[in-house]
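What's in work.txt: compact mmCIF, C-alpha atoms and all ligand atoms
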# COMPACT_ATOMS: atom_id res chain seq x y z
CA MET L 30 8.98 40.92 -101.54
CA LEU L 31 6.80 43.98 -102.05
CA LYS L 32 4.93 45.55 -99.15
CA SER L 33 1.62 44.79 -100.88
CA GLN L 34 2.57 41.12 -101.23
CA ILE L 35 3.53 40.91 -97.55
CA GLN L 36 0.21 42.44 -96.54
CA SER L 37 -1.64 40.07 -98.84
CA TYR L 38 0.07 37.01 -97.38
CA ALA L 39 -0.48 38.28 -93.84
CA ALA L 40 -4.22 38.63 -94.52
CA GLN L 41 -4.49 35.33 -96.36
CA PHE L 42 -2.77 33.40 -93.56
CA GLU L 43 -5.15 34.63 -90.88
CA SER L 44 -7.22 31.53 -91.59
CA ALA L 45 -4.32 29.16 -92.32
CA SER L 46 -2.85 26.60 -89.95
CA PRO L 47 0.73 26.99 -88.68
CA SER L 48 1.81 23.95 -90.71
CA GLU L 49 0.35 25.51 -93.89
CA ILE L 50 2.23 28.73 -93.16
CA LEU L 51 5.46 26.83 -92.50
CA SER L 52 5.06 24.94 -95.78
CA TRP L 53 4.62 28.20 -97.65
CA ALA L 54 7.69 29.63 -95.90
CA SER L 55 9.76 26.60 -96.85
CA ASP L 56 8.56 26.64 -100.49
CA THR L 57 9.16 30.38 -100.76
CA PHE L 58 12.50 30.81 -99.01
CA GLY L 59 14.09 27.32 -99.04
CA ASP L 60 17.50 27.24 -97.42
CA ARG L 61 17.42 31.00 -96.83
CA LEU L 62 14.85 30.44 -94.12
CA ALA L 63 15.82 30.16 -90.43
CA VAL L 64 13.85 29.22 -87.35
CA VAL L 65 14.69 31.42 -84.36
CA THR L 66 13.71 29.98 -81.01
CA SER L 67 14.40 30.28 -77.31
CA PHE L 68 12.77 26.86 -76.75
CA GLN L 69 9.54 28.15 -75.31
CA VAL L 70 6.56 25.88 -76.00
CA THR L 71 5.60 27.62 -79.25
CA GLY L 72 9.14 27.19 -80.50
CA ILE L 73 9.04 23.50 -79.68
CA ALA L 74 5.79 23.07 -81.61
CA THR L 75 7.43 24.94 -84.51
CA LEU L 76 10.44 22.62 -84.49
CA HIS L 77 8.16 19.58 -84.42
CA MET L 78 6.08 20.80 -87.38
CA MET L 79 9.23 21.72 -89.30
CA GLN L 80 10.29 18.08 -89.15
CA ARG L 81 7.65 17.34 -91.77
CA VAL L 82 8.33 20.47 -93.80
CA GLN L 83 12.06 21.19 -93.83
CA PRO L 84 13.80 19.15 -91.14
CA ARG L 85 17.30 20.55 -91.65
CA SER L 86 16.29 24.16 -91.72
CA PRO L 87 18.84 26.14 -89.69
CA VAL L 88 17.69 26.80 -86.12
CA LEU L 89 19.16 29.85 -84.40
CA THR L 90 19.03 30.26 -80.65
CA LEU L 91 20.46 33.17 -78.71
CA ASP L 92 22.87 31.67 -76.23
CA THR L 93 23.45 34.68 -74.00
CA GLY L 94 25.73 32.80 -71.62
CA LEU L 95 23.09 33.40 -68.93
CA LEU L 96 20.56 30.67 -69.69
CA PHE L 97 19.11 28.33 -67.08
CA PRO L 98 20.61 24.83 -66.96
CA GLU L 99 17.09 23.51 -67.63
CA THR L 100 17.00 25.45 -70.92
CA ARG L 101 20.39 24.07 -71.94
CA ASP L 102 19.24 20.52 -71.16
CA LEU L 103 16.12 21.00 -73.27
CA MET L 104 18.14 22.42 -76.17
CA ASP L 105 20.46 19.41 -76.11
CA GLU L 106 17.54 16.99 -75.92
CA LEU L 107 15.68 18.51 -78.87
CA GLU L 108 18.84 18.90 -80.91
CA ALA L 109 19.47 15.16 -80.60
CA ARG L 110 15.84 14.09 -80.96
CA PHE L 111 15.19 16.08 -84.15
CA ASP L 112 18.76 16.04 -85.46
CA LEU L 113 18.57 19.81 -85.62
CA ASP L 114 20.99 22.07 -87.44
CA LEU L 115 21.11 24.08 -84.21
CA ARG L 116 23.30 27.17 -84.18
CA ARG L 117 23.99 28.61 -80.74
CA VAL L 118 24.39 32.30 -81.40
CA LYS L 119 26.69 33.92 -78.88
CA PRO L 120 27.33 37.58 -78.10
CA ARG L 121 30.73 39.03 -78.95
CA GLN L 122 31.49 39.30 -75.24
CA THR L 123 31.30 36.74 -72.46
CA PRO L 124 29.45 37.87 -69.32
CA ALA L 125 32.84 38.50 -67.68
CA GLN L 126 34.04 40.67 -70.57
CA GLN L 127 30.78 42.59 -70.47
CA ALA L 128 31.20 43.17 -66.73
CA ARG L 129 34.73 44.45 -67.34
CA ASP L 130 33.60 46.97 -69.99
CA TYR L 131 30.14 47.96 -68.74
CA GLY L 132 30.25 47.12 -65.04
CA ASP L 133 28.84 44.26 -63.06
CA ARG L 134 25.21 43.18 -63.46
CA LEU L 135 24.42 45.43 -66.41
CA TRP L 136 21.03 43.68 -66.68
CA GLU L 137 19.99 45.37 -63.42
CA ARG L 138 21.19 48.86 -64.32
CA ASN L 139 20.50 48.97 -68.05
CA PRO L 140 18.67 45.85 -69.28
CA ASP L 141 17.98 47.42 -72.69
CA ARG L 142 21.69 47.78 -73.33
CA CYS L 143 22.39 44.30 -71.98
CA CYS L 144 19.75 42.76 -74.30
CA HIS L 145 21.13 44.82 -77.13
CA ILE L 146 24.62 43.42 -76.61
CA ARG L 147 23.59 39.86 -75.85
CA LYS L 148 20.56 39.38 -78.09
CA THR L 149 19.76 42.06 -80.66
CA ILE L 150 23.21 42.44 -82.22
CA PRO L 151 23.95 38.69 -82.24
CA LEU L 152 20.61 37.96 -83.93
CA ARG L 153 21.19 40.63 -86.54
CA ASP L 154 24.61 39.15 -87.28
CA ALA L 155 23.27 35.59 -87.37
CA LEU L 156 20.45 36.46 -89.76
CA ASP L 157 22.86 37.89 -92.29
CA GLY L 158 22.41 35.71 -95.37
CA PHE L 159 18.86 34.64 -94.57
CA ASP L 160 15.84 36.05 -96.38
CA ALA L 161 13.26 35.08 -93.78
CA TRP L 162 12.95 33.90 -90.20
CA ILE L 163 10.29 32.17 -88.18
CA ALA L 164 9.44 33.46 -84.72
CA GLY L 165 7.31 31.84 -82.01
CA LEU L 166 5.28 34.96 -81.23
CA ARG L 167 1.63 34.69 -80.18
CA ARG L 168 -0.87 37.50 -79.83
CA ASP L 169 -2.13 36.21 -76.50
CA GLN L 170 1.29 36.50 -74.82
CA SER L 171 1.02 40.16 -73.88
CA PRO L 172 -0.67 43.41 -74.92
CA ASN L 173 2.52 44.32 -76.82
CA ARG L 174 2.08 41.29 -79.02
CA ALA L 175 -1.68 41.53 -79.56
CA ALA L 176 -1.33 42.88 -83.10
CA THR L 177 1.50 40.62 -84.25
CA PRO L 178 1.22 40.11 -88.01
CA ILE L 179 1.70 36.62 -89.39
CA VAL L 180 3.99 37.95 -92.13
CA SER L 181 5.88 41.24 -91.88
CA ARG L 182 9.02 42.96 -93.02
CA ASP L 183 11.74 43.04 -90.37
CA ALA L 184 13.60 46.14 -91.49
CA ARG L 185 16.30 45.90 -88.84
CA ASN L 186 17.39 42.45 -89.89
CA GLY L 187 16.62 42.91 -93.58
CA ALA L 188 14.38 39.86 -93.74
CA ILE L 189 10.77 38.71 -93.79
CA LYS L 190 9.52 37.70 -90.37
CA ILE L 191 6.93 34.96 -90.07
CA ALA L 192 4.87 34.20 -86.96
CA PRO L 193 2.90 31.06 -87.87
CA PHE L 194 1.38 30.71 -84.40
CA ALA L 195 0.34 34.34 -84.00
CA ASN L 196 -3.32 33.50 -83.61
CA TRP L 197 -2.94 30.35 -81.54
CA THR L 198 -3.62 30.47 -77.82
CA GLU L 199 -1.33 29.17 -75.12
CA SER L 200 -3.71 26.30 -74.40
CA GLN L 201 -3.68 25.24 -78.07
CA VAL L 202 0.10 25.09 -77.96
CA TRP L 203 0.09 23.04 -74.75
CA ASP L 204 -2.48 20.68 -76.27
CA TYR L 205 -0.13 20.21 -79.21
CA ILE L 206 2.87 19.57 -76.93
CA ARG L 207 0.95 16.95 -74.96
CA ALA L 208 -0.65 15.31 -78.02
CA HIS L 209 2.80 14.75 -79.51
CA ASP L 210 4.49 13.95 -76.21
CA LEU L 211 7.09 16.66 -76.73
CA PRO L 212 9.59 17.68 -74.05
CA TYR L 213 9.37 21.16 -72.57
CA ASN L 214 11.29 23.30 -70.11
CA ARG L 215 10.85 21.88 -66.59
CA LEU L 216 10.70 25.42 -65.19
CA HIS L 217 7.16 25.71 -66.58
CA ASP L 218 6.10 23.16 -63.96
CA ILE L 219 7.25 25.41 -61.11
CA GLY L 220 5.57 28.63 -62.16
CA TYR L 221 7.70 30.14 -64.91
CA PRO L 222 5.40 31.04 -67.83
CA SER L 223 8.15 32.51 -70.04
CA ILE L 224 11.83 31.70 -69.70
CA GLY L 225 14.85 33.75 -70.71
CA CYS L 226 18.12 34.54 -68.94
CA TRP L 227 18.20 33.38 -65.30
CA THR L 228 19.22 36.89 -64.32
CA CYS L 229 15.94 38.43 -65.53
CA THR L 230 13.34 35.67 -65.18
CA ASN L 231 11.03 34.99 -62.25
CA ALA L 232 8.10 32.75 -61.56
CA ALA L 233 4.72 34.47 -61.99
CA GLY L 234 1.18 34.02 -60.70
CA GLU L 235 -1.27 31.70 -62.45
CA ASP L 236 -3.36 34.55 -63.83
CA ALA L 237 -0.50 36.89 -64.73
CA ASP L 238 0.18 37.68 -68.38
CA ARG L 239 2.57 35.18 -69.90
CA ARG L 240 5.47 37.63 -70.12
CA SER L 241 5.09 38.96 -66.58
CA GLY L 242 7.97 36.96 -65.12
CA ARG L 243 10.44 38.64 -67.46
CA TRP L 244 12.31 41.75 -66.20
CA SER L 245 9.59 42.01 -63.57
CA ARG L 246 11.48 44.63 -61.54
CA GLN L 247 12.67 46.70 -64.48
CA GLY L 248 9.45 47.74 -66.20
CA LYS L 249 10.56 46.04 -69.40
CA THR L 250 8.56 43.48 -71.36
CA GLU L 251 10.57 42.76 -74.51
CA CYS L 252 14.24 42.04 -75.04
CA GLY L 253 14.18 44.08 -78.23
CA ILE L 254 14.49 41.48 -80.99
CA HIS L 255 10.76 41.83 -81.67
CA LEU L 256 10.72 45.61 -81.45
CA PRO L 257 10.98 47.63 -84.67
CA GLN L 258 13.84 49.80 -83.45
CA LEU L 259 17.13 49.12 -81.71
CA ALA L 260 16.87 49.49 -77.95
CA SER L 261 19.95 51.71 -77.80
CA PRO L 262 22.27 53.24 -80.36
CA LEU L 263 24.30 50.57 -82.11
CA SER L 264 27.40 52.76 -82.11
CA GLU L 265 27.63 52.42 -78.33
CA VAL L 266 28.41 48.74 -78.52
CA VAL L 267 29.37 47.93 -82.06
CA ASN L 268 33.05 47.55 -81.21
CA ALA L 269 32.45 45.69 -77.98
S1 LIG L 301 17.46 39.01 -70.54
FE1 LIG L 301 18.64 40.11 -68.95
S2 LIG L 301 20.69 39.14 -68.83
FE2 LIG L 301 19.64 38.42 -70.73
S3 LIG L 301 20.42 39.77 -72.28
FE3 LIG L 301 18.51 40.71 -71.55
S4 LIG L 301 19.03 42.09 -69.82
FE4 LIG L 301 20.82 40.79 -70.31

Go through the file and emit its structure as structure tokens.
Amino acid sequence: MLKSQIQSYAAQFESASPSEILSWASDTFGDRLAVVTSFQVTGIATLHMMQRVQPRSPVLTLDTGLLFPETRDLMDELEARFDLDLRRVKPRQTPAQQARDYGDRLWERNPDRCCHIRKTIPLRDALDGFDAWIAGLRRDQSPNRAATPIVSRDARNGAIKIAPFANWTESQVWDYIRAHDLPYNRLHDIGYPSIGCWTCTNAAGEDADRRSGRWSRQGKTECGIHLPQLASPLSEVVNA
């Protein structure tokens, strides 16, 4: 898809609903389209809408080996409820193997490298063969995400990236979850606005930005899969 076409779609979809954008994505990319989700609320709304659009679209989730049990329970529940083609994408190394090669608790000493090993490389590998992927990004999640385009070229993964909910607010997503009686991660009820690996996720204050509980002691706000460049040189870990 040409850059001009991507920009045209991105502009056109500013006034479209997420379900209209998902329908376009399905019509355009068919079985070369993947949903990528970590089972945050926007991802759950995406999976629900996809049931009417392309119910067996592959769903990729980054199973770092360090997820909360609550996240695993939710994954299992939604996989069964929607009969998802859910693919748990694992890093090349278990946490123990990573500790052997890079030292214990790498996420505390070098979280960029840890995310690179456990998220960025596995996603790149998993997206091989897909032309487009759907992400649950919203512009209201953090200043970093305020300019998220609805359609863009993801050069690192060689695919088109689609963010159908970019201009929805958190409260719109929660309204959708409640209106459709959808399950969600129980950790949200005890103060976790955004949920990733247990090693790097904390509860946050009511008024904090929605990513503030992630890597809160490391000055990091993104794992890297939504950043345009690799967090650290691929050659450092490619043979891990
Ligand atoms: S969120 Fe933390 S533990 Fe998970 S991959 Fe990133 S740095 Fe590692």

Work out how far CA of Pro178 (chain L) is from CA of Tyr38 (chain L), in Å to one decimal.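 Separation between CA of Tyr38 (chain L) and CA of Pro178 (chain L): 9.9 Å.
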
Name the residues, by chain letter and number, that sit within 7 Å of ligand LIG 301 (chain L) using all atoms listed in the file, and give them as a list in words.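 Within the 7 Å cut-off, the matching residues are Thr93, Leu95, Trp136, Pro140, Asp141, Cys143, Cys144, Arg147, Lys148, Gly225, Cys226, Thr228, Cys229 and Cys252 of chain L.
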
Nearest residue to Ala188 (chain L) out of L:Arg138, L:Arg153, L:Arg121, L:Arg129, using all atoms listed in the file? L:Arg153

Could you work out how far CA of Ser52 (chain L) lies from CA of Leu103 (chain L), giving the answer in Å with one decimal? 25.4 Å

Shortest interatomic distance to Glu106 (chain L) - which of L:Phe68, L:Ile206, L:Ile191, L:Asp183, counting only C-alpha atoms: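 Between L:Phe68, L:Ile206, L:Ile191, L:Asp183, the residue approaching Glu106 (chain L) most closely is L:Phe68.
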
So how far away is CA of Ile179 (chain L) from CA of Ile35 (chain L), in Å? 9.4 Å

The residue from L:Gly94, L:Pro84, L:Gly132, L:Gly220 with the smallest atom-to-atom distance to Leu113 (chain L), counting only C-alpha atoms, is L:Pro84

Could you put an axis-aligned box around every listed atom of region 173-192 of chain L, padded by 8 Å on each side, and send me its centre and edge lengths in Å to one decimal, as AutoDock Vina command-line options?
--center_x 7.9 --center_y 40.2 --center_z -85.3 --size_x 35.1 --size_y 27.9 --size_z 33.0

Once N, CA and C atoms are restored for region 140-164 of chain L, what would the output be as a PDB file, in the frame of the given file?
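The resulting file, result24.pdb, is shown below:
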ATOM      1  N   PRO L 140      19.005  47.099 -68.584  1.00  0.00           N
ATOM      2  CA  PRO L 140      18.670  45.850 -69.280  1.00  0.00           C
ATOM      3  C   PRO L 140      18.514  46.026 -70.788  1.00  0.00           C
ATOM      4  N   ASP L 141      18.094  47.218 -71.236  1.00  0.00           N
ATOM      5  CA  ASP L 141      17.980  47.420 -72.690  1.00  0.00           C
ATOM      6  C   ASP L 141      19.349  47.277 -73.358  1.00  0.00           C
ATOM      7  N   ARG L 142      20.343  47.883 -72.733  1.00  0.00           N
ATOM      8  CA  ARG L 142      21.690  47.780 -73.330  1.00  0.00           C
ATOM      9  C   ARG L 142      22.197  46.336 -73.247  1.00  0.00           C
ATOM     10  N   CYS L 143      21.933  45.691 -72.137  1.00  0.00           N
ATOM     11  CA  CYS L 143      22.390  44.300 -71.980  1.00  0.00           C
ATOM     12  C   CYS L 143      21.744  43.413 -73.051  1.00  0.00           C
ATOM     13  N   CYS L 144      20.426  43.551 -73.255  1.00  0.00           N
ATOM     14  CA  CYS L 144      19.750  42.760 -74.300  1.00  0.00           C
ATOM     15  C   CYS L 144      20.278  43.126 -75.687  1.00  0.00           C
ATOM     16  N   HIS L 145      20.597  44.371 -75.842  1.00  0.00           N
ATOM     17  CA  HIS L 145      21.130  44.820 -77.130  1.00  0.00           C
ATOM     18  C   HIS L 145      22.453  44.118 -77.428  1.00  0.00           C
ATOM     19  N   ILE L 146      23.305  44.057 -76.430  1.00  0.00           N
ATOM     20  CA  ILE L 146      24.620  43.420 -76.610  1.00  0.00           C
ATOM     21  C   ILE L 146      24.477  41.896 -76.759  1.00  0.00           C
ATOM     22  N   ARG L 147      23.609  41.311 -75.950  1.00  0.00           N
ATOM     23  CA  ARG L 147      23.590  39.860 -75.850  1.00  0.00           C
ATOM     24  C   ARG L 147      22.532  39.188 -76.730  1.00  0.00           C
ATOM     25  N   LYS L 148      21.596  39.999 -77.259  1.00  0.00           N
ATOM     26  CA  LYS L 148      20.560  39.380 -78.090  1.00  0.00           C
ATOM     27  C   LYS L 148      20.384  40.073 -79.451  1.00  0.00           C
ATOM     28  N   THR L 149      20.144  41.382 -79.416  1.00  0.00           N
ATOM     29  CA  THR L 149      19.760  42.060 -80.660  1.00  0.00           C
ATOM     30  C   THR L 149      20.882  42.041 -81.692  1.00  0.00           C
ATOM     31  N   ILE L 150      22.090  42.425 -81.274  1.00  0.00           N
ATOM     32  CA  ILE L 150      23.210  42.440 -82.220  1.00  0.00           C
ATOM     33  C   ILE L 150      23.555  41.024 -82.685  1.00  0.00           C
ATOM     34  N   PRO L 151      23.655  40.046 -81.769  1.00  0.00           N
ATOM     35  CA  PRO L 151      23.950  38.690 -82.240  1.00  0.00           C
ATOM     36  C   PRO L 151      22.910  38.153 -83.225  1.00  0.00           C
ATOM     37  N   LEU L 152      21.630  38.453 -82.993  1.00  0.00           N
ATOM     38  CA  LEU L 152      20.610  37.960 -83.930  1.00  0.00           C
ATOM     39  C   LEU L 152      20.778  38.632 -85.288  1.00  0.00           C
ATOM     40  N   ARG L 153      21.004  39.926 -85.269  1.00  0.00           N
ATOM     41  CA  ARG L 153      21.190  40.630 -86.540  1.00  0.00           C
ATOM     42  C   ARG L 153      22.367  40.021 -87.305  1.00  0.00           C
ATOM     43  N   ASP L 154      23.447  39.751 -86.614  1.00  0.00           N
ATOM     44  CA  ASP L 154      24.610  39.150 -87.280  1.00  0.00           C
ATOM     45  C   ASP L 154      24.274  37.747 -87.806  1.00  0.00           C
ATOM     46  N   ALA L 155      23.559  36.973 -86.991  1.00  0.00           N
ATOM     47  CA  ALA L 155      23.270  35.590 -87.370  1.00  0.00           C
ATOM     48  C   ALA L 155      22.290  35.499 -88.534  1.00  0.00           C
ATOM     49  N   LEU L 156      21.426  36.487 -88.671  1.00  0.00           N
ATOM     50  CA  LEU L 156      20.450  36.460 -89.760  1.00  0.00           C
ATOM     51  C   LEU L 156      21.017  36.957 -91.085  1.00  0.00           C
ATOM     52  N   ASP L 157      22.240  37.454 -91.047  1.00  0.00           N
ATOM     53  CA  ASP L 157      22.860  37.890 -92.290  1.00  0.00           C
ATOM     54  C   ASP L 157      22.940  36.693 -93.244  1.00  0.00           C
ATOM     55  N   GLY L 158      22.407  36.831 -94.429  1.00  0.00           N
ATOM     56  CA  GLY L 158      22.410  35.710 -95.370  1.00  0.00           C
ATOM     57  C   GLY L 158      21.096  34.955 -95.429  1.00  0.00           C
ATOM     58  N   PHE L 159      20.200  35.246 -94.515  1.00  0.00           N
ATOM     59  CA  PHE L 159      18.860  34.640 -94.570  1.00  0.00           C
ATOM     60  C   PHE L 159      17.868  35.670 -95.104  1.00  0.00           C
ATOM     61  N   ASP L 160      16.886  35.171 -95.839  1.00  0.00           N
ATOM     62  CA  ASP L 160      15.840  36.050 -96.380  1.00  0.00           C
ATOM     63  C   ASP L 160      14.624  36.126 -95.465  1.00  0.00           C
ATOM     64  N   ALA L 161      14.464  35.120 -94.611  1.00  0.00           N
ATOM     65  CA  ALA L 161      13.260  35.080 -93.780  1.00  0.00           C
ATOM     66  C   ALA L 161      13.551  34.309 -92.496  1.00  0.00           C
ATOM     67  N   TRP L 162      12.817  34.658 -91.454  1.00  0.00           N
ATOM     68  CA  TRP L 162      12.950  33.900 -90.200  1.00  0.00           C
ATOM     69  C   TRP L 162      11.596  33.667 -89.573  1.00  0.00           C
ATOM     70  N   ILE L 163      11.525  32.575 -88.840  1.00  0.00           N
ATOM     71  CA  ILE L 163      10.290  32.170 -88.180  1.00  0.00           C
ATOM     72  C   ILE L 163      10.425  32.458 -86.695  1.00  0.00           C
ATOM     73  N   ALA L 164       9.432  33.116 -86.144  1.00  0.00           N
ATOM     74  CA  ALA L 164       9.440  33.460 -84.720  1.00  0.00           C
ATOM     75  C   ALA L 164       8.235  32.793 -84.040  1.00  0.00           C
TER      76      ALA L 164
END
